[in-house]
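Dumped my_file.pdb below, it's PDB, N, CA, C and O atoms:
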ATOM      1  N   SER A   6       0.190 -10.359   4.240
ATOM      2  CA  SER A   6       1.052 -10.086   5.379
ATOM      3  C   SER A   6       2.509 -10.427   5.051
ATOM      4  O   SER A   6       3.409  -9.812   5.598
ATOM      5  N   LEU A   7       2.703 -11.403   4.177
ATOM      6  CA  LEU A   7       4.064 -11.760   3.782
ATOM      7  C   LEU A   7       4.734 -10.598   3.038
ATOM      8  O   LEU A   7       5.907 -10.305   3.270
ATOM      9  N   LEU A   8       3.986  -9.924   2.188
ATOM     10  CA  LEU A   8       4.526  -8.774   1.456
ATOM     11  C   LEU A   8       4.908  -7.656   2.428
ATOM     12  O   LEU A   8       5.992  -7.068   2.313
ATOM     13  N   ALA A   9       4.051  -7.371   3.401
ATOM     14  CA  ALA A   9       4.350  -6.334   4.390
ATOM     15  C   ALA A   9       5.593  -6.697   5.193
ATOM     16  O   ALA A   9       6.441  -5.841   5.464
ATOM     17  N   TYR A  10       5.715  -7.949   5.568
ATOM     18  CA  TYR A  10       6.881  -8.400   6.328
ATOM     19  C   TYR A  10       8.158  -8.226   5.505
ATOM     20  O   TYR A  10       9.164  -7.726   5.991
ATOM     21  N   ASN A  11       8.113  -8.631   4.234
ATOM     22  CA  ASN A  11       9.290  -8.510   3.372
ATOM     23  C   ASN A  11       9.655  -7.051   3.096
ATOM     24  O   ASN A  11      10.840  -6.704   3.056
ATOM     25  N   LEU A  12       8.667  -6.189   2.920
ATOM     26  CA  LEU A  12       8.950  -4.763   2.712
ATOM     27  C   LEU A  12       9.575  -4.141   3.957
ATOM     28  O   LEU A  12      10.489  -3.314   3.860
ATOM     29  N   THR A  13       9.104  -4.560   5.122
ATOM     30  CA  THR A  13       9.676  -4.051   6.368
ATOM     31  C   THR A  13      11.122  -4.512   6.533
ATOM     32  O   THR A  13      11.989  -3.738   6.943
ATOM     33  N   ASN A  14      11.399  -5.759   6.207
ATOM     34  CA  ASN A  14      12.777  -6.253   6.265
ATOM     35  C   ASN A  14      13.666  -5.530   5.271
ATOM     36  O   ASN A  14      14.816  -5.214   5.565
ATOM     37  N   TRP A  15      13.156  -5.251   4.093
ATOM     38  CA  TRP A  15      13.895  -4.503   3.078
ATOM     39  C   TRP A  15      14.215  -3.095   3.590
ATOM     40  O   TRP A  15      15.339  -2.619   3.466
ATOM     41  N   LEU A  16      13.214  -2.452   4.190
ATOM     42  CA  LEU A  16      13.419  -1.125   4.756
ATOM     43  C   LEU A  16      14.489  -1.165   5.844
ATOM     44  O   LEU A  16      15.385  -0.327   5.873
ATOM     45  N   ARG A  17      14.416  -2.150   6.709
ATOM     46  CA  ARG A  17      15.378  -2.276   7.807
ATOM     47  C   ARG A  17      16.791  -2.497   7.266
ATOM     48  O   ARG A  17      17.751  -1.896   7.717
ATOM     49  N   THR A  18      16.927  -3.351   6.272
ATOM     50  CA  THR A  18      18.232  -3.684   5.714
ATOM     51  C   THR A  18      18.873  -2.497   4.995
ATOM     52  O   THR A  18      20.059  -2.224   5.157
ATOM     53  N   LEU A  19      18.088  -1.763   4.223
ATOM     54  CA  LEU A  19      18.642  -0.695   3.398
ATOM     55  C   LEU A  19      18.724   0.670   4.085
ATOM     56  O   LEU A  19      19.603   1.467   3.751
ATOM     57  N   CYS A  20      17.842   0.945   5.012
ATOM     58  CA  CYS A  20      17.699   2.327   5.477
ATOM     59  C   CYS A  20      17.954   2.565   6.959
ATOM     60  O   CYS A  20      18.015   3.712   7.375
ATOM     61  N   PHE A  21      18.075   1.522   7.746
ATOM     62  CA  PHE A  21      18.272   1.743   9.171
ATOM     63  C   PHE A  21      19.738   1.967   9.484
ATOM     64  O   PHE A  21      20.608   1.386   8.857
ATOM     65  N   PRO A  22      20.021   2.814  10.471
ATOM     66  CA  PRO A  22      21.402   2.997  10.916
ATOM     67  C   PRO A  22      21.959   1.677  11.458
ATOM     68  O   PRO A  22      21.214   0.812  11.898
ATOM     69  N   GLU A  23      23.264   1.520  11.426
ATOM     70  CA  GLU A  23      23.922   0.259  11.787
ATOM     71  C   GLU A  23      23.509  -0.298  13.142
ATOM     72  O   GLU A  23      23.303  -1.480  13.286
ATOM     73  N   GLY A  24      23.372   0.527  14.144
ATOM     74  CA  GLY A  24      23.052   0.042  15.472
ATOM     75  C   GLY A  24      21.620  -0.412  15.648
ATOM     76  O   GLY A  24      21.277  -1.036  16.645
ATOM     77  N   GLN A  25      20.753  -0.139  14.671
ATOM     78  CA  GLN A  25      19.340  -0.447  14.823
ATOM     79  C   GLN A  25      18.803  -1.380  13.746
ATOM     80  O   GLN A  25      17.600  -1.489  13.571
ATOM     81  N   LYS A  26      19.673  -2.073  13.048
ATOM     82  CA  LYS A  26      19.221  -2.993  12.005
ATOM     83  C   LYS A  26      18.664  -4.298  12.553
ATOM     84  O   LYS A  26      18.054  -5.060  11.828
ATOM     85  N   SER A  27      18.845  -4.536  13.838
ATOM     86  CA  SER A  27      18.382  -5.804  14.405
ATOM     87  C   SER A  27      17.107  -5.659  15.235
ATOM     88  O   SER A  27      16.692  -6.611  15.883
ATOM     89  N   ILE A  28      16.457  -4.491  15.196
ATOM     90  CA  ILE A  28      15.244  -4.336  15.995
ATOM     91  C   ILE A  28      14.100  -5.153  15.399
ATOM     92  O   ILE A  28      14.082  -5.457  14.206
ATOM     93  N   GLN A  29      13.146  -5.502  16.233
ATOM     94  CA  GLN A  29      12.057  -6.382  15.829
ATOM     95  C   GLN A  29      11.007  -5.630  15.019
ATOM     96  O   GLN A  29      10.893  -4.409  15.089
ATOM     97  N   ILE A  30      10.209  -6.393  14.266
ATOM     98  CA  ILE A  30       9.178  -5.829  13.392
ATOM     99  C   ILE A  30       8.184  -4.987  14.198
ATOM    100  O   ILE A  30       7.791  -3.901  13.776
ATOM    101  N   GLU A  31       7.767  -5.474  15.354
ATOM    102  CA  GLU A  31       6.798  -4.730  16.173
ATOM    103  C   GLU A  31       7.375  -3.386  16.616
ATOM    104  O   GLU A  31       6.666  -2.376  16.650
ATOM    105  N   THR A  32       8.655  -3.339  16.912
ATOM    106  CA  THR A  32       9.300  -2.085  17.293
ATOM    107  C   THR A  32       9.339  -1.125  16.107
ATOM    108  O   THR A  32       9.119   0.076  16.270
ATOM    109  N   ILE A  33       9.580  -1.647  14.931
ATOM    110  CA  ILE A  33       9.577  -0.819  13.719
ATOM    111  C   ILE A  33       8.190  -0.210  13.508
ATOM    112  O   ILE A  33       8.055   0.978  13.219
ATOM    113  N   ARG A  34       7.157  -1.017  13.680
ATOM    114  CA  ARG A  34       5.784  -0.519  13.533
ATOM    115  C   ARG A  34       5.509   0.602  14.532
ATOM    116  O   ARG A  34       4.909   1.610  14.194
ATOM    117  N   THR A  35       5.972   0.438  15.756
ATOM    118  CA  THR A  35       5.735   1.440  16.794
ATOM    119  C   THR A  35       6.489   2.730  16.510
ATOM    120  O   THR A  35       5.949   3.824  16.687
ATOM    121  N   ARG A  36       7.721   2.629  16.053
ATOM    122  CA  ARG A  36       8.558   3.823  15.863
ATOM    123  C   ARG A  36       8.343   4.535  14.537
ATOM    124  O   ARG A  36       8.598   5.733  14.437
ATOM    125  N   LEU A  37       7.901   3.824  13.502
ATOM    126  CA  LEU A  37       7.808   4.444  12.178
ATOM    127  C   LEU A  37       6.401   4.522  11.604
ATOM    128  O   LEU A  37       6.083   5.459  10.881
ATOM    129  N   ILE A  38       5.579   3.535  11.877
ATOM    130  CA  ILE A  38       4.270   3.479  11.220
ATOM    131  C   ILE A  38       3.156   4.042  12.097
ATOM    132  O   ILE A  38       2.323   4.801  11.631
ATOM    133  N   LYS A  39       3.153   3.698  13.357
ATOM    134  CA  LYS A  39       2.131   4.192  14.285
ATOM    135  C   LYS A  39       2.566   5.546  14.848
ATOM    136  O   LYS A  39       2.865   5.690  16.015
ATOM    137  N   VAL A  40       2.593   6.539  14.001
ATOM    138  CA  VAL A  40       3.117   7.846  14.377
ATOM    139  C   VAL A  40       1.990   8.884  14.297
ATOM    140  O   VAL A  40       1.300   8.971  13.282
ATOM    141  N   ALA A  41       1.817   9.646  15.367
ATOM    142  CA  ALA A  41       0.846  10.739  15.351
ATOM    143  C   ALA A  41       1.442  11.884  14.543
ATOM    144  O   ALA A  41       2.448  12.463  14.924
ATOM    145  N   SER A  42       0.831  12.161  13.405
ATOM    146  CA  SER A  42       1.377  13.211  12.546
ATOM    147  C   SER A  42       0.252  13.858  11.737
ATOM    148  O   SER A  42      -0.889  13.435  11.787
ATOM    149  N   LYS A  43       0.637  14.843  10.977
ATOM    150  CA  LYS A  43      -0.318  15.571  10.166
ATOM    151  C   LYS A  43       0.354  15.940   8.847
ATOM    152  O   LYS A  43       1.513  16.360   8.835
ATOM    153  N   LEU A  44      -0.357  15.761   7.755
ATOM    154  CA  LEU A  44       0.133  16.162   6.444
ATOM    155  C   LEU A  44      -0.511  17.504   6.108
ATOM    156  O   LEU A  44      -1.728  17.617   6.040
ATOM    157  N   VAL A  45       0.315  18.523   5.922
ATOM    158  CA  VAL A  45      -0.173  19.883   5.708
ATOM    159  C   VAL A  45       0.235  20.339   4.311
ATOM    160  O   VAL A  45       1.397  20.201   3.924
ATOM    161  N   LYS A  46      -0.727  20.868   3.564
ATOM    162  CA  LYS A  46      -0.445  21.388   2.233
ATOM    163  C   LYS A  46      -0.383  22.907   2.308
ATOM    164  O   LYS A  46      -1.283  23.552   2.823
ATOM    165  N   SER A  47       0.715  23.452   1.793
ATOM    166  CA  SER A  47       0.902  24.890   1.779
ATOM    167  C   SER A  47       1.390  25.284   0.389
ATOM    168  O   SER A  47       2.528  24.995   0.029
ATOM    169  N   GLY A  48       0.531  25.918  -0.371
ATOM    170  CA  GLY A  48       0.899  26.261  -1.741
ATOM    171  C   GLY A  48       1.108  25.004  -2.560
ATOM    172  O   GLY A  48       0.230  24.170  -2.676
ATOM    173  N   ARG A  49       2.302  24.832  -3.088
ATOM    174  CA  ARG A  49       2.628  23.638  -3.872
ATOM    175  C   ARG A  49       3.369  22.592  -3.063
ATOM    176  O   ARG A  49       3.735  21.549  -3.586
ATOM    177  N   SER A  50       3.611  22.867  -1.800
ATOM    178  CA  SER A  50       4.408  21.962  -0.970
ATOM    179  C   SER A  50       3.547  21.186   0.020
ATOM    180  O   SER A  50       2.521  21.668   0.478
ATOM    181  N   LEU A  51       4.004  19.980   0.326
ATOM    182  CA  LEU A  51       3.391  19.174   1.366
ATOM    183  C   LEU A  51       4.384  19.055   2.508
ATOM    184  O   LEU A  51       5.564  18.798   2.288
ATOM    185  N   TYR A  52       3.918  19.240   3.720
ATOM    186  CA  TYR A  52       4.762  19.144   4.904
ATOM    187  C   TYR A  52       4.229  18.043   5.807
ATOM    188  O   TYR A  52       3.023  17.930   6.015
ATOM    189  N   PHE A  53       5.121  17.254   6.320
ATOM    190  CA  PHE A  53       4.792  16.167   7.224
ATOM    191  C   PHE A  53       5.165  16.636   8.628
ATOM    192  O   PHE A  53       6.340  16.774   8.935
ATOM    193  N   LYS A  54       4.180  16.908   9.467
ATOM    194  CA  LYS A  54       4.446  17.440  10.809
ATOM    195  C   LYS A  54       4.214  16.350  11.849
ATOM    196  O   LYS A  54       3.124  15.797  11.955
ATOM    197  N   LEU A  55       5.253  16.071  12.611
ATOM    198  CA  LEU A  55       5.156  15.103  13.687
ATOM    199  C   LEU A  55       4.720  15.792  14.969
ATOM    200  O   LEU A  55       4.941  16.979  15.153
ATOM    201  N   SER A  56       4.133  15.018  15.855
ATOM    202  CA  SER A  56       3.772  15.528  17.166
ATOM    203  C   SER A  56       5.045  15.958  17.903
ATOM    204  O   SER A  56       6.074  15.290  17.823
ATOM    205  N   SER A  57       4.992  17.048  18.622
ATOM    206  CA  SER A  57       6.178  17.534  19.333
ATOM    207  C   SER A  57       6.598  16.583  20.451
ATOM    208  O   SER A  57       7.746  16.590  20.869
ATOM    209  N   GLY A  58       5.685  15.745  20.922
ATOM    210  CA  GLY A  58       6.010  14.802  21.982
ATOM    211  C   GLY A  58       6.476  13.450  21.487
ATOM    212  O   GLY A  58       6.652  12.524  22.281
ATOM    213  N   PHE A  59       6.678  13.296  20.187
ATOM    214  CA  PHE A  59       7.088  12.012  19.609
ATOM    215  C   PHE A  59       8.533  11.708  20.013
ATOM    216  O   PHE A  59       9.452  12.433  19.654
ATOM    217  N   VAL A  60       8.713  10.629  20.747
ATOM    218  CA  VAL A  60      10.009  10.282  21.336
ATOM    219  C   VAL A  60      11.049   9.898  20.281
ATOM    220  O   VAL A  60      12.225  10.216  20.416
ATOM    221  N   TYR A  61      10.646   9.238  19.214
ATOM    222  CA  TYR A  61      11.580   8.705  18.216
ATOM    223  C   TYR A  61      11.700   9.601  16.994
ATOM    224  O   TYR A  61      11.963   9.133  15.894
ATOM    225  N   GLN A  62      11.538  10.901  17.160
ATOM    226  CA  GLN A  62      11.567  11.832  16.042
ATOM    227  C   GLN A  62      12.888  11.811  15.284
ATOM    228  O   GLN A  62      12.897  11.783  14.050
ATOM    229  N   GLU A  63      13.986  11.807  15.985
ATOM    230  CA  GLU A  63      15.302  11.802  15.336
ATOM    231  C   GLU A  63      15.488  10.534  14.499
ATOM    232  O   GLU A  63      15.954  10.598  13.358
ATOM    233  N   PHE A  64      15.115   9.383  15.052
ATOM    234  CA  PHE A  64      15.204   8.116  14.324
ATOM    235  C   PHE A  64      14.324   8.155  13.080
ATOM    236  O   PHE A  64      14.738   7.745  11.996
ATOM    237  N   PHE A  65      13.107   8.665  13.201
ATOM    238  CA  PHE A  65      12.166   8.753  12.093
ATOM    239  C   PHE A  65      12.744   9.576  10.942
ATOM    240  O   PHE A  65      12.739   9.140   9.794
ATOM    241  N   TRP A  66      13.262  10.761  11.247
ATOM    242  CA  TRP A  66      13.802  11.631  10.203
ATOM    243  C   TRP A  66      15.072  11.053   9.589
ATOM    244  O   TRP A  66      15.321  11.218   8.394
ATOM    245  N   LYS A  67      15.878  10.369  10.397
ATOM    246  CA  LYS A  67      17.103   9.748   9.888
ATOM    247  C   LYS A  67      16.765   8.651   8.866
ATOM    248  O   LYS A  67      17.363   8.574   7.799
ATOM    249  N   VAL A  68      15.783   7.821   9.192
ATOM    250  CA  VAL A  68      15.368   6.757   8.275
ATOM    251  C   VAL A  68      14.750   7.361   7.018
ATOM    252  O   VAL A  68      15.042   6.927   5.901
ATOM    253  N   LEU A  69      13.920   8.367   7.173
ATOM    254  CA  LEU A  69      13.303   9.017   6.011
ATOM    255  C   LEU A  69      14.357   9.617   5.089
ATOM    256  O   LEU A  69      14.273   9.492   3.865
ATOM    257  N   GLN A  70      15.368  10.237   5.663
ATOM    258  CA  GLN A  70      16.452  10.803   4.861
ATOM    259  C   GLN A  70      17.189   9.703   4.096
ATOM    260  O   GLN A  70      17.523   9.867   2.921
ATOM    261  N   ARG A  71      17.421   8.568   4.737
ATOM    262  CA  ARG A  71      18.112   7.464   4.064
ATOM    263  C   ARG A  71      17.250   6.863   2.960
ATOM    264  O   ARG A  71      17.769   6.404   1.935
ATOM    265  N   ILE A  72      15.947   6.853   3.132
ATOM    266  CA  ILE A  72      15.033   6.376   2.090
ATOM    267  C   ILE A  72      15.140   7.296   0.872
ATOM    268  O   ILE A  72      15.186   6.844  -0.274
ATOM    269  N   GLN A  73      15.178   8.596   1.111
ATOM    270  CA  GLN A  73      15.253   9.558   0.007
ATOM    271  C   GLN A  73      16.565   9.454  -0.757
ATOM    272  O   GLN A  73      16.621   9.778  -1.940
ATOM    273  N   LEU A  74      17.616   8.971  -0.116
ATOM    274  CA  LEU A  74      18.910   8.833  -0.785
ATOM    275  C   LEU A  74      19.017   7.565  -1.637
ATOM    276  O   LEU A  74      19.963   7.420  -2.399
ATOM    277  N   LEU A  75      18.055   6.643  -1.474
ATOM    278  CA  LEU A  75      18.083   5.413  -2.274
ATOM    279  C   LEU A  75      17.922   5.732  -3.751
ATOM    280  O   LEU A  75      17.117   6.591  -4.120
ATOM    281  N   LYS A  76      18.655   5.047  -4.578
ATOM    282  CA  LYS A  76      18.523   5.222  -6.021
ATOM    283  C   LYS A  76      17.793   4.008  -6.571
ATOM    284  O   LYS A  76      18.360   2.909  -6.648
ATOM    285  N   LEU A  77      16.555   4.196  -6.936
ATOM    286  CA  LEU A  77      15.736   3.120  -7.490
ATOM    287  C   LEU A  77      15.704   3.248  -9.004
ATOM    288  O   LEU A  77      15.509   4.334  -9.527
ATOM    289  N   GLU A  78      15.858   2.156  -9.668
ATOM    290  CA  GLU A  78      15.847   2.176 -11.130
ATOM    291  C   GLU A  78      14.661   1.432 -11.657
ATOM    292  O   GLU A  78      14.162   0.533 -11.131
TER
END

Show this structure as structure tokens.
Amino acid sequence: SLLAYNLTNWLRTLCFPEGQKSIQIETIRTRLIKVASKLVKSGRSLYFKLSSGFVYQEFFWKVLQRIQLLKLE
């Protein structure tokens, strides 16, 4: 659980927009991890489809985009 907590803090520090870096761990779990979605394979591509009723969709995609911009060595 310590590793999960530290990874979540790392995600919050590096990838969250400025106004949302102080949200609690439980809120992060609700908005990013407990998400009704579907992984669809089409040809060579994988698509991540969120439920149309997902309230935090914009936040989810914004964080995902910031994760993709990280340069890991």

Q: Work out how far apart atom N of Phe59 of chain A and atom O of Ala41 of chain A are and give it in Å to one decimal.
A: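 Atom O of Ala41 of chain A lies at a distance of 6.8 Å from atom N of Phe59 of chain A.
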
Q: Could you tell me how far atom CA of Gln29 of chain A lies from atom CA of Glu78 of chain A, in Å and to one decimal?
A: 28.5 Å

Q) Taking all atoms listed in the file into account, which of A:Val40, A:Leu8, A:Leu69, A:Leu16 comes nearest Ser56 of chain A? A)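 Closest candidate: A:Val40.
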
(Q) Going by DSSP on the backbone, which residues of chain A come out as helix (DSSP H, G or I)? List them as JSON, numbers by chain. (A) {"A": [7, 8, 9, 10, 11, 12, 13, 14, 15, 16, 17, 18, 19, 20, 23, 24, 25, 30, 31, 32, 33, 34, 35, 36, 37, 38, 62, 63, 64, 65, 66, 67, 68, 69, 70, 71, 72, 73, 74]}

Q: Give the answer as one residue: which of A:Trp66, A:Tyr61, A:Phe21, A:Tyr10 has the shortest atom-to-atom distance to Thr35 of chain A, using only N, CA, C and O atoms?
A: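 Looking at the shortest contact to Thr35 of chain A, the residue is A:Tyr61.
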
(Q) Can you measure atom C of Ile72 of chain A to atom C of Trp15 of chain A for me? One decimal in Å is fine. (A) 10.8 Å
